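In what follows, a single structure is set out as structure tokens and then discussed.
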Amino acid sequence: MDNGAMENFFGRLKVEMFYGEKFESVNAFIAQLHEYIYYYNNERISRKLKGMSPVQYRTHSQI
């Protein structure tokens with residue numbers, strides 16, 4: 001259970017971003033990876049987080 005959160009993240013990343021894609025270069029892959037991480041933290045909603053993105057949930061819970 002110690003690395004379960006990271007295993008879950010990398011599993012989602014591979015399914016949603018990596019599988020079936022061909023990148024023109026390493027730089028194109030890195031740019032896409034940055035876009036995915038931004039999406040994952042700022043735009044993706046989660047039922048466990050009451051329908052908010054992770055950033056929204058952290059901001060909301062600090063108030």
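Each chain of the structure tokens is named A, B, ... in the order shown, its residues numbered from 1; ligands are numbered from 1 in display order.
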Item to complete: Might you pull out every residue within 12 Å of stretch 21-38 of chain A, with only C-alpha atoms counted and same-chain residues fewer than 6 positions away left off, and present them as JSON, numbers by chain?
Response: {"A": [9, 10, 12, 13, 14, 15, 44, 53, 54, 55]}
